[in-house]
file protein34.pdb (PDB, C-alpha atoms)
ATOM      1  CA  MET A   1       0.000   0.000   0.000  1.00  0.00           C
ATOM      2  CA  THR A   2       1.375   3.421  -0.936  1.00  0.00           C
ATOM      3  CA  SER A   3       1.045   6.307   1.481  1.00  0.00           C
ATOM      4  CA  GLU A   4      -0.793   9.441   0.390  1.00  0.00           C
ATOM      5  CA  LYS A   5       1.540  12.136  -0.844  1.00  0.00           C
ATOM      6  CA  LYS A   6       1.811  15.276   1.264  1.00  0.00           C
ATOM      7  CA  PRO A   7       0.419  18.413  -0.391  1.00  0.00           C
ATOM      8  CA  SER A   8       3.001  20.969  -1.454  1.00  0.00           C
ATOM      9  CA  ILE A   9       3.066  24.510  -2.824  1.00  0.00           C
ATOM     10  CA  ILE A  10       5.873  25.919  -4.966  1.00  0.00           C
ATOM     11  CA  PRO A  11       5.812  29.675  -5.665  1.00  0.00           C
ATOM     12  CA  ALA A  12       7.214  29.674  -9.212  1.00  0.00           C
ATOM     13  CA  ALA A  13       9.635  32.516  -9.946  1.00  0.00           C
ATOM     14  CA  ASP A  14       7.611  35.356 -11.525  1.00  0.00           C
ATOM     15  CA  GLY A  15       4.789  32.903 -12.019  1.00  0.00           C
ATOM     16  CA  PRO A  16       1.938  31.037 -10.309  1.00  0.00           C
ATOM     17  CA  TYR A  17       1.734  28.842  -7.233  1.00  0.00           C
ATOM     18  CA  LEU A  18       2.209  25.217  -8.281  1.00  0.00           C
ATOM     19  CA  VAL A  19       0.028  23.171  -5.925  1.00  0.00           C
ATOM     20  CA  LYS A  20       0.363  19.407  -5.794  1.00  0.00           C
ATOM     21  CA  ASN A  21      -1.657  16.635  -4.134  1.00  0.00           C
ATOM     22  CA  LEU A  22      -4.176  18.957  -2.477  1.00  0.00           C
ATOM     23  CA  LYS A  23      -7.571  17.420  -1.704  1.00  0.00           C
ATOM     24  CA  GLN A  24      -9.475  20.288  -0.066  1.00  0.00           C
ATOM     25  CA  PHE A  25      -9.855  23.535  -2.020  1.00  0.00           C
ATOM     26  CA  SER A  26     -12.731  25.956  -1.527  1.00  0.00           C
ATOM     27  CA  SER A  27     -14.023  29.519  -1.468  1.00  0.00           C
ATOM     28  CA  GLN A  28     -16.995  31.119   0.264  1.00  0.00           C
ATOM     29  CA  LYS A  29     -19.081  29.805  -2.627  1.00  0.00           C
ATOM     30  CA  GLY A  30     -18.181  26.184  -1.915  1.00  0.00           C
ATOM     31  CA  PRO A  31     -15.727  23.406  -2.854  1.00  0.00           C
ATOM     32  CA  ILE A  32     -13.559  23.685  -5.968  1.00  0.00           C
ATOM     33  CA  GLU A  33     -12.548  20.589  -7.910  1.00  0.00           C
ATOM     34  CA  THR A  34      -8.880  19.748  -7.485  1.00  0.00           C
ATOM     35  CA  LYS A  35      -6.321  18.125  -9.744  1.00  0.00           C
ATOM     36  CA  GLU A  36      -3.064  16.411  -8.870  1.00  0.00           C
ATOM     37  CA  THR A  37      -1.211  19.555  -9.980  1.00  0.00           C
ATOM     38  CA  MET A  38      -2.784  23.010 -10.165  1.00  0.00           C
ATOM     39  CA  ALA A  39      -1.356  26.392 -11.136  1.00  0.00           C
ATOM     40  CA  LEU A  40      -2.959  29.121  -9.036  1.00  0.00           C
ATOM     41  CA  CYS A  41      -2.832  32.791 -10.001  1.00  0.00           C
ATOM     42  CA  ARG A  42      -0.786  35.102  -7.789  1.00  0.00           C
ATOM     43  CA  CYS A  43      -0.341  38.089 -10.097  1.00  0.00           C
ATOM     44  CA  GLY A  44      -3.947  39.175  -9.578  1.00  0.00           C
ATOM     45  CA  GLY A  45      -4.691  39.459 -13.284  1.00  0.00           C
ATOM     46  CA  SER A  46      -5.982  36.066 -14.388  1.00  0.00           C
ATOM     47  CA  GLU A  47      -9.403  36.027 -16.049  1.00  0.00           C
ATOM     48  CA  ASN A  48      -9.838  32.475 -14.770  1.00  0.00           C
ATOM     49  CA  LYS A  49      -9.205  32.999 -11.045  1.00  0.00           C
ATOM     50  CA  PRO A  50      -8.163  31.163  -8.971  1.00  0.00           C
ATOM     51  CA  PHE A  51      -6.275  29.437 -11.772  1.00  0.00           C
ATOM     52  CA  CYS A  52      -3.382  30.919 -13.738  1.00  0.00           C
ATOM     53  CA  ASP A  53      -4.058  31.820 -17.363  1.00  0.00           C
ATOM     54  CA  GLY A  54      -0.617  33.180 -18.213  1.00  0.00           C
ATOM     55  CA  THR A  55      -1.471  36.852 -17.615  1.00  0.00           C
ATOM     56  CA  HIS A  56       1.612  37.250 -15.407  1.00  0.00           C
ATOM     57  CA  GLN A  57       3.757  36.981 -18.539  1.00  0.00           C
ATOM     58  CA  LYS A  58       1.875  39.781 -20.305  1.00  0.00           C
ATOM     59  CA  PHE A  59       2.589  42.485 -17.750  1.00  0.00           C
ATOM     60  CA  GLY A  60       5.877  41.220 -16.356  1.00  0.00           C
ATOM     61  CA  PHE A  61       4.789  40.121 -12.893  1.00  0.00           C
ATOM     62  CA  SER A  62       7.694  39.965 -10.447  1.00  0.00           C
ATOM     63  CA  SER A  63       7.681  37.621  -7.459  1.00  0.00           C
ATOM     64  CA  SER A  64      10.527  39.492  -5.763  1.00  0.00           C
ATOM     65  CA  LYS A  65      10.093  41.133  -2.386  1.00  0.00           C
ATOM     66  CA  LEU A  66       9.714  44.904  -2.648  1.00  0.00           C
ATOM     67  CA  GLU A  67      11.214  47.878  -0.891  1.00  0.00           C
ATOM     68  CA  GLY A  68       9.431  48.491   2.381  1.00  0.00           C
ATOM     69  CA  THR A  69       8.995  44.827   3.280  1.00  0.00           C
ATOM     70  CA  PRO A  70       8.489  44.650   7.067  1.00  0.00           C
ATOM     71  CA  GLU A  71      11.396  43.324   9.126  1.00  0.00           C
ATOM     72  CA  ASP A  72      11.325  39.584   9.728  1.00  0.00           C
ATOM     73  CA  LYS A  73      11.571  39.658  13.518  1.00  0.00           C
ATOM     74  CA  ARG A  74       9.603  37.842  16.175  1.00  0.00           C
ATOM     75  CA  GLU A  75       8.740  39.738  19.357  1.00  0.00           C
ATOM     76  CA  THR A  76       7.678  38.131  22.638  1.00  0.00           C
ATOM     77  CA  TYR A  77       5.200  39.624  25.110  1.00  0.00           C
ATOM     78  CA  PRO A  78       5.261  37.746  28.451  1.00  0.00           C
ATOM     79  CA  GLY A  79       2.217  37.841  30.728  1.00  0.00           C
ATOM     80  CA  LYS A  80       1.302  36.314  34.061  1.00  0.00           C
ATOM     81  CA  LYS A  81      -0.496  33.305  32.575  1.00  0.00           C
ATOM     82  CA  ILE A  82       0.267  33.406  28.854  1.00  0.00           C
ATOM     83  CA  THR A  83       3.065  34.657  26.612  1.00  0.00           C
ATOM     84  CA  ILE A  84       2.214  35.961  23.147  1.00  0.00           C
ATOM     85  CA  HIS A  85       4.630  35.739  20.202  1.00  0.00           C
ATOM     86  CA  ASP A  86       4.270  37.934  17.129  1.00  0.00           C
ATOM     87  CA  ASN A  87       6.123  38.523  13.850  1.00  0.00           C
ATOM     88  CA  ARG A  88       4.815  41.659  12.123  1.00  0.00           C
ATOM     89  CA  GLY A  89       6.895  40.769   9.076  1.00  0.00           C
ATOM     90  CA  ILE A  90       4.505  38.013   8.018  1.00  0.00           C
ATOM     91  CA  CYS A  91       1.222  39.533   9.222  1.00  0.00           C
ATOM     92  CA  SER A  92      -1.580  39.602   6.618  1.00  0.00           C
ATOM     93  CA  HIS A  93      -3.467  42.328   8.520  1.00  0.00           C
ATOM     94  CA  ALA A  94      -6.734  40.397   8.481  1.00  0.00           C
ATOM     95  CA  GLY A  95      -7.690  42.241  11.662  1.00  0.00           C
ATOM     96  CA  HIS A  96      -9.021  39.265  13.621  1.00  0.00           C
ATOM     97  CA  CYS A  97      -6.851  40.177  16.614  1.00  0.00           C
ATOM     98  CA  THR A  98      -7.363  43.957  16.766  1.00  0.00           C
ATOM     99  CA  ASP A  99     -11.051  43.734  15.860  1.00  0.00           C
ATOM    100  CA  GLY A 100     -11.773  40.677  17.981  1.00  0.00           C
ATOM    101  CA  LEU A 101      -9.831  41.459  21.157  1.00  0.00           C
ATOM    102  CA  SER A 102      -8.815  45.105  21.165  1.00  0.00           C
ATOM    103  CA  SER A 103      -8.032  45.112  24.887  1.00  0.00           C
ATOM    104  CA  VAL A 104      -5.049  42.835  24.172  1.00  0.00           C
ATOM    105  CA  PHE A 105      -4.147  43.731  20.581  1.00  0.00           C
ATOM    106  CA  LYS A 106      -4.068  47.526  20.524  1.00  0.00           C
ATOM    107  CA  MET A 107      -3.629  49.452  17.299  1.00  0.00           C
ATOM    108  CA  LYS A 108      -1.300  52.454  17.249  1.00  0.00           C
ATOM    109  CA  GLU A 109       0.046  51.780  20.760  1.00  0.00           C
ATOM    110  CA  GLU A 110       3.386  50.519  22.032  1.00  0.00           C
ATOM    111  CA  PRO A 111       3.709  47.893  23.223  1.00  0.00           C
ATOM    112  CA  TRP A 112       0.812  46.876  21.055  1.00  0.00           C
ATOM    113  CA  ILE A 113       0.141  43.595  22.891  1.00  0.00           C
ATOM    114  CA  ASP A 114      -0.969  43.308  26.534  1.00  0.00           C
ATOM    115  CA  PRO A 115      -1.178  39.594  27.449  1.00  0.00           C
ATOM    116  CA  ASP A 116      -2.798  40.354  30.825  1.00  0.00           C
ATOM    117  CA  ALA A 117      -5.732  42.353  29.454  1.00  0.00           C
ATOM    118  CA  ALA A 118      -8.057  39.388  28.830  1.00  0.00           C
ATOM    119  CA  SER A 119      -8.529  35.772  29.867  1.00  0.00           C
ATOM    120  CA  VAL A 120      -6.267  33.047  28.557  1.00  0.00           C
ATOM    121  CA  ASP A 121      -9.213  31.404  26.793  1.00  0.00           C
ATOM    122  CA  GLU A 122     -10.102  34.637  24.985  1.00  0.00           C
ATOM    123  CA  ILE A 123      -6.508  35.170  23.874  1.00  0.00           C
ATOM    124  CA  VAL A 124      -6.093  31.585  22.668  1.00  0.00           C
ATOM    125  CA  ALA A 125      -9.351  31.724  20.703  1.00  0.00           C
ATOM    126  CA  THR A 126      -8.276  34.978  19.052  1.00  0.00           C
ATOM    127  CA  ILE A 127      -4.808  33.731  18.113  1.00  0.00           C
ATOM    128  CA  LYS A 128      -6.361  30.612  16.584  1.00  0.00           C
ATOM    129  CA  ARG A 129      -8.185  32.895  14.136  1.00  0.00           C
ATOM    130  CA  CYS A 130      -4.929  34.401  12.850  1.00  0.00           C
ATOM    131  CA  PRO A 131      -4.569  33.179   9.245  1.00  0.00           C
ATOM    132  CA  SER A 132      -0.950  34.165   8.652  1.00  0.00           C
ATOM    133  CA  GLY A 133       0.913  32.311  11.394  1.00  0.00           C
ATOM    134  CA  ALA A 134       2.308  35.600  12.692  1.00  0.00           C
ATOM    135  CA  LEU A 135       0.809  34.992  16.149  1.00  0.00           C
ATOM    136  CA  SER A 136       1.408  32.097  18.513  1.00  0.00           C
ATOM    137  CA  TYR A 137       1.400  31.669  22.279  1.00  0.00           C
ATOM    138  CA  SER A 138       3.143  29.840  25.110  1.00  0.00           C
ATOM    139  CA  ILE A 139       1.715  28.513  28.369  1.00  0.00           C
ATOM    140  CA  ASP A 140       4.041  27.065  31.023  1.00  0.00           C
ATOM    141  CA  GLU A 141       6.967  27.373  28.570  1.00  0.00           C
ATOM    142  CA  THR A 142       5.242  25.226  25.927  1.00  0.00           C
ATOM    143  CA  GLU A 143       4.612  27.025  22.640  1.00  0.00           C
ATOM    144  CA  TYR A 144       1.446  26.432  20.661  1.00  0.00           C
ATOM    145  CA  ARG A 145       1.929  27.385  17.040  1.00  0.00           C
ATOM    146  CA  ASP A 146       0.243  24.894  14.723  1.00  0.00           C
ATOM    147  CA  ARG A 147      -3.238  23.393  14.575  1.00  0.00           C
ATOM    148  CA  GLU A 148      -4.831  20.047  13.864  1.00  0.00           C
ATOM    149  CA  GLY A 149      -6.750  19.458  10.664  1.00  0.00           C
ATOM    150  CA  PRO A 150      -6.569  18.280   7.049  1.00  0.00           C
ATOM    151  CA  ALA A 151      -4.536  20.133   4.448  1.00  0.00           C
ATOM    152  CA  GLY A 152      -6.547  22.668   2.497  1.00  0.00           C
ATOM    153  CA  ILE A 153      -6.647  26.056   0.823  1.00  0.00           C
ATOM    154  CA  PHE A 154      -9.486  28.533   1.299  1.00  0.00           C
ATOM    155  CA  ILE A 155      -9.845  31.481  -1.086  1.00  0.00           C
ATOM    156  CA  SER A 156     -10.766  34.463   1.060  1.00  0.00           C
ATOM    157  CA  LYS A 157     -13.137  37.063  -0.379  1.00  0.00           C
ATOM    158  CA  ASN A 158     -11.041  39.531  -2.403  1.00  0.00           C
ATOM    159  CA  GLY A 159      -8.066  38.485  -0.312  1.00  0.00           C
ATOM    160  CA  PRO A 160      -5.315  35.878   0.063  1.00  0.00           C
ATOM    161  CA  TYR A 161      -5.184  32.125  -0.149  1.00  0.00           C
ATOM    162  CA  ILE A 162      -5.577  30.830   3.432  1.00  0.00           C
ATOM    163  CA  VAL A 163      -3.487  27.673   3.718  1.00  0.00           C
ATOM    164  CA  THR A 164      -4.073  25.260   6.596  1.00  0.00           C
ATOM    165  CA  GLY A 165      -3.187  21.707   7.498  1.00  0.00           C
ATOM    166  CA  GLY A 166       0.513  21.689   6.778  1.00  0.00           C
ATOM    167  CA  SER A 167       0.916  21.910   3.010  1.00  0.00           C
ATOM    168  CA  GLU A 168       4.671  22.221   2.510  1.00  0.00           C
ATOM    169  CA  LEU A 169       5.629  25.660   1.202  1.00  0.00           C
ATOM    170  CA  GLN A 170       8.789  24.962  -0.770  1.00  0.00           C
ATOM    171  CA  ASP A 171      11.708  27.224  -1.671  1.00  0.00           C
ATOM    172  CA  THR A 172      10.481  29.840   0.816  1.00  0.00           C
ATOM    173  CA  ASP A 173      11.785  31.266   4.078  1.00  0.00           C
ATOM    174  CA  LEU A 174       8.771  31.185   6.373  1.00  0.00           C
ATOM    175  CA  GLY A 175      10.094  33.808   8.800  1.00  0.00           C
ATOM    176  CA  GLN A 176      11.111  33.793  12.454  1.00  0.00           C
ATOM    177  CA  GLY A 177       8.749  31.714  14.563  1.00  0.00           C
ATOM    178  CA  ALA A 178       6.334  31.240  11.684  1.00  0.00           C
ATOM    179  CA  SER A 179       3.917  28.347  11.493  1.00  0.00           C
ATOM    180  CA  GLU A 180       4.652  25.638   8.955  1.00  0.00           C
ATOM    181  CA  GLU A 181       1.039  24.516   9.226  1.00  0.00           C
ATOM    182  CA  HIS A 182      -0.917  27.681   8.342  1.00  0.00           C
ATOM    183  CA  TYR A 183      -0.065  30.830   6.421  1.00  0.00           C
ATOM    184  CA  ALA A 184      -1.627  33.370   4.031  1.00  0.00           C
ATOM    185  CA  LEU A 185      -0.380  33.689   0.442  1.00  0.00           C
ATOM    186  CA  CYS A 186      -0.794  36.822  -1.673  1.00  0.00           C
ATOM    187  CA  ARG A 187      -3.002  36.497  -4.740  1.00  0.00           C
ATOM    188  CA  CYS A 188      -3.477  40.176  -5.638  1.00  0.00           C
ATOM    189  CA  GLY A 189       0.113  40.532  -6.856  1.00  0.00           C
ATOM    190  CA  GLY A 190       0.746  43.618  -4.747  1.00  0.00           C
ATOM    191  CA  ALA A 191       2.288  42.305  -1.530  1.00  0.00           C
ATOM    192  CA  LYS A 192       5.715  43.636  -0.661  1.00  0.00           C
ATOM    193  CA  ASN A 193       6.533  40.451   1.223  1.00  0.00           C
ATOM    194  CA  LYS A 194       5.739  37.921  -1.522  1.00  0.00           C
ATOM    195  CA  PRO A 195       4.714  35.176  -1.437  1.00  0.00           C
ATOM    196  CA  PHE A 196       2.982  36.150   1.813  1.00  0.00           C
ATOM    197  CA  CYS A 197      -0.030  38.439   2.027  1.00  0.00           C
ATOM    198  CA  ASP A 198       0.621  41.764   3.748  1.00  0.00           C
ATOM    199  CA  GLY A 199      -2.820  43.304   3.355  1.00  0.00           C
ATOM    200  CA  ASN A 200      -2.096  45.295   0.202  1.00  0.00           C
ATOM    201  CA  HIS A 201      -5.200  43.833  -1.482  1.00  0.00           C
ATOM    202  CA  TRP A 202      -7.141  46.375   0.613  1.00  0.00           C
ATOM    203  CA  TYR A 203      -5.244  49.272  -0.952  1.00  0.00           C
ATOM    204  CA  ASN A 204      -5.093  48.140  -4.566  1.00  0.00           C
ATOM    205  CA  GLU A 205      -8.799  47.211  -4.467  1.00  0.00           C
ATOM    206  CA  PHE A 206      -8.236  43.643  -5.614  1.00  0.00           C
ATOM    207  CA  SER A 207     -11.514  42.040  -6.648  1.00  0.00           C
ATOM    208  CA  ASP A 208     -12.537  38.494  -7.490  1.00  0.00           C
ATOM    209  CA  GLU A 209     -16.318  38.315  -7.781  1.00  0.00           C
ATOM    210  CA  LYS A 210     -16.235  34.752  -9.093  1.00  0.00           C
ATOM    211  CA  ASN A 211     -14.795  33.328  -5.891  1.00  0.00           C
TER     212      ASN A 211
END

call {"tool": "encode", "arguments": {"input": "protein34.pdb", "output": "structure tokens"}}
result
Amino acid sequence: MTSEKKPSIIPAADGPYLVKNLKQFSSQKGPIETKETMALCRCGGSENKPFCDGTHQKFGFSSSKLEGTPEDKRETYPGKKITIHDNRGICSHAGHCTDGLSSVFKMKEEPWIDPDAASVDEIVATIKRCPSGALSYSIDETEYRDREGPAGIFISKNGPYIVTGGSELQDTDLGQGASEEHYALCRCGGAKNKPFCDGNHWYNEFSDEKN
């Protein structure tokens, strides 16, 4: 009996994401049929989203990181009962932390995280909603970074590919303290920190009505 192959994602240089052996692929509109190998658009211009149609070649899409990419540095915020870890360099700015638990995750303040401002359960639940892997936490010196679940990709509305379940992201430096199990990949083409989403889809008004 042969074991099932682990899903993998290769960000092709100046081209699409090459996804192999993925079984679960969906958007808010429901499941999407998968193939053994799929080429997913990451330039933002395909007329056949989420799949690549070669548009990246027409306008010279570059997969290089851009000037102004946030520093890849993990910061640690110790509290009485829980310690929060954060790497702003890989944050997708989905807002689940600042919108969901503003007493702990405080915009435009320094330090921006207060691990004693809410219950441990509230903090854990909020961090588990982080799609990028920028946030993790430690309790009693044990760090909790990854999650349980099958490998899949969810296409967020007018936003990034949300990868969960441990699909191997090849040829890519994940960043300090980053999760290998879940991360958010840019699909608008405008992120400075490619291949990761950095929230620039909000500013360039990326739209994908089909998905």

call {"tool": "residues_around", "arguments": {"input": "protein34.pdb", "residues": "Pro150 of chain A", "least_positions_apart": "5", "cutoff": "8 Å", "atoms": "all atoms listed in the file", "output": "JSON, numbers by chain"}}
result
{"A": [24, 164, 165, 166]}

call {"tool": "residues_around", "arguments": {"input": "protein34.pdb", "residues": "Lys192 of chain A", "least_positions_apart": "2", "cutoff": "8 Å", "atoms": "all atoms listed in the file", "output": "VMD selection string"}}
result
chain A and resid 65 to 69 190 194 198

call {"tool": "resolve_selection", "arguments": {"input": "protein34.pdb", "expression": "the PyMOL selection byres ((chain A and resi 35) around 9)", "output": "list in words"}}
result
Val19, Lys20, Asn21, Leu22, Lys23, Glu33, Thr34, Glu36, Thr37 and Met38 of chain A

call {"tool": "closest_residue", "arguments": {"input": "protein34.pdb", "among": "A:Lys29, A:Pro16, A:Asn193, A:Lys73", "to": "Asp53 of chain A", "atoms": "all atoms listed in the file"}}
result
A:Pro16

call {"tool": "atom_distance", "arguments": {"input": "protein34.pdb", "atom1": "atom CA of Glu47 of chain A", "atom2": "atom CA of Asn200 of chain A"}}
result
20.1 Å

call {"tool": "atom_distance", "arguments": {"input": "protein34.pdb", "atom1": "atom CA of Phe105 of chain A", "atom2": "atom CA of Gly177 of chain A"}}
result
18.6 Å

call {"tool": "resolve_selection", "arguments": {"input": "protein34.pdb", "expression": "the PyMOL selection byres ((chain A and resi 176) around 10)", "output": "PyMOL selection string"}}
result
chain A and resi 72-75+86-87+89-90+134+173-175+177-179

call {"tool": "resolve_selection", "arguments": {"input": "protein34.pdb", "expression": "the PyMOL selection byres ((chain A and resi 46) around 12)", "output": "MDAnalysis selection string"}}
result
chainID A and resid 15:16 39:45 47:59 61 187:189 206:208 210

call {"tool": "atom_distance", "arguments": {"input": "protein34.pdb", "atom1": "atom CA of Ser8 of chain A", "atom2": "atom CA of Glu180 of chain A"}}
result
11.5 Å

call {"tool": "closest_residue", "arguments": {"input": "protein34.pdb", "among": "A:Gly199, A:Leu18, A:Arg129, A:Asp140", "to": "Gly100 of chain A", "atoms": "only C-alpha atoms"}}
result
A:Arg129

call {"tool": "closest_residue", "arguments": {"input": "protein34.pdb", "among": "A:Tyr183, A:Tyr77, A:Tyr144, A:Phe154", "to": "Ser92 of chain A", "atoms": "only C-alpha atoms"}}
result
A:Tyr183

call {"tool": "residues_near_point", "arguments": {"input": "protein34.pdb", "point": "(-14.1, 25.4, -1.3)", "cutoff": "10 Å", "atoms": "all atoms listed in the file", "output": "list in words"}}
result
Gln24, Phe25, Ser26, Ser27, Gln28, Lys29, Gly30, Pro31, Ile32, Glu33, Thr34, Gly152, Ile153, Phe154, Ile155, Ser156 and Asn211 of chain A

call {"tool": "closest_residue", "arguments": {"input": "protein34.pdb", "among": "A:Asp99, A:Thr76, A:Val124, A:His93", "to": "Cys186 of chain A", "atoms": "all atoms listed in the file"}}
result
A:His93

call {"tool": "residues_around", "arguments": {"input": "protein34.pdb", "residues": "Ser102 of chain A", "least_positions_apart": "4", "cutoff": "12 Å", "atoms": "all atoms listed in the file", "output": "PyMOL selection string"}}
result
chain A and resi 95-98+106-109+112-115+117-118+122-123+126

call {"tool": "closest_residue", "arguments": {"input": "protein34.pdb", "among": "A:His201, A:Tyr137, A:Ser167, A:Ser63", "to": "Lys5 of chain A", "atoms": "all atoms listed in the file"}}
result
A:Ser167

call {"tool": "residues_near_point", "arguments": {"input": "protein34.pdb", "point": "(13.2, 34.0, -11.5)", "cutoff": "10 Å", "atoms": "only C-alpha atoms", "output": "ChimeraX atom specification"}}
result
/A:12-15,62-64

call {"tool": "build_atoms", "arguments": {"input": "protein34.pdb", "residues": "segment 150-158 of chain A", "atoms": "all heavy atoms", "output": "short mmCIF file (atom, residue, chain, number, x, y, z; two decimals), in the coordinates of the input"}}
result
data_model
loop_
_atom_site.label_atom_id
_atom_site.label_comp_id
_atom_site.auth_asym_id
_atom_site.auth_seq_id
_atom_site.Cartn_x
_atom_site.Cartn_y
_atom_site.Cartn_z
N PRO A 150 -7.03 18.70 8.37
CA PRO A 150 -6.57 18.28 7.05
C PRO A 150 -6.00 19.44 6.25
O PRO A 150 -6.33 20.61 6.48
CB PRO A 150 -7.84 17.73 6.39
CG PRO A 150 -8.95 18.48 7.04
CD PRO A 150 -8.51 18.69 8.47
N ALA A 151 -5.14 19.11 5.30
CA ALA A 151 -4.54 20.13 4.45
C ALA A 151 -5.58 20.70 3.49
O ALA A 151 -6.33 19.97 2.86
CB ALA A 151 -3.37 19.54 3.66
N GLY A 152 -5.61 22.04 3.40
CA GLY A 152 -6.55 22.67 2.50
C GLY A 152 -6.16 24.10 2.19
O GLY A 152 -5.29 24.69 2.84
N ILE A 153 -6.80 24.64 1.18
CA ILE A 153 -6.65 26.06 0.82
C ILE A 153 -8.04 26.66 0.71
O ILE A 153 -8.91 26.12 0.02
CB ILE A 153 -5.90 26.25 -0.51
CG1 ILE A 153 -4.46 25.76 -0.40
CG2 ILE A 153 -5.92 27.72 -0.93
CD1 ILE A 153 -3.68 25.86 -1.71
N PHE A 154 -8.23 27.79 1.39
CA PHE A 154 -9.49 28.53 1.30
C PHE A 154 -9.21 29.87 0.62
O PHE A 154 -8.29 30.60 1.01
CB PHE A 154 -10.09 28.76 2.68
CG PHE A 154 -11.35 29.60 2.66
CD1 PHE A 154 -12.54 29.05 2.24
CD2 PHE A 154 -11.31 30.93 3.04
CE1 PHE A 154 -13.71 29.82 2.20
CE2 PHE A 154 -12.47 31.71 3.01
CZ PHE A 154 -13.67 31.15 2.60
N ILE A 155 -10.01 30.22 -0.38
CA ILE A 155 -9.85 31.48 -1.09
C ILE A 155 -10.68 32.54 -0.37
O ILE A 155 -11.91 32.52 -0.43
CB ILE A 155 -10.32 31.36 -2.54
CG1 ILE A 155 -9.56 30.24 -3.26
CG2 ILE A 155 -10.11 32.67 -3.28
CD1 ILE A 155 -10.12 29.93 -4.63
N SER A 156 -10.03 33.44 0.34
CA SER A 156 -10.77 34.46 1.06
C SER A 156 -11.35 35.48 0.09
O SER A 156 -10.82 35.70 -1.01
CB SER A 156 -9.87 35.15 2.09
OG SER A 156 -8.80 35.82 1.46
N LYS A 157 -12.44 36.12 0.48
CA LYS A 157 -13.14 37.06 -0.38
C LYS A 157 -12.25 38.26 -0.68
O LYS A 157 -11.86 39.02 0.21
CB LYS A 157 -14.43 37.53 0.29
CG LYS A 157 -15.24 38.53 -0.53
CD LYS A 157 -15.73 37.92 -1.84
CE LYS A 157 -16.61 38.90 -2.61
NZ LYS A 157 -17.02 38.36 -3.92
N ASN A 158 -11.88 38.42 -1.95
CA ASN A 158 -11.04 39.53 -2.40
C ASN A 158 -9.74 39.64 -1.61
O ASN A 158 -9.18 40.73 -1.45
CB ASN A 158 -11.81 40.86 -2.32
CG ASN A 158 -13.02 40.88 -3.22
OD1 ASN A 158 -13.05 40.24 -4.27
ND2 ASN A 158 -14.05 41.60 -2.81
#
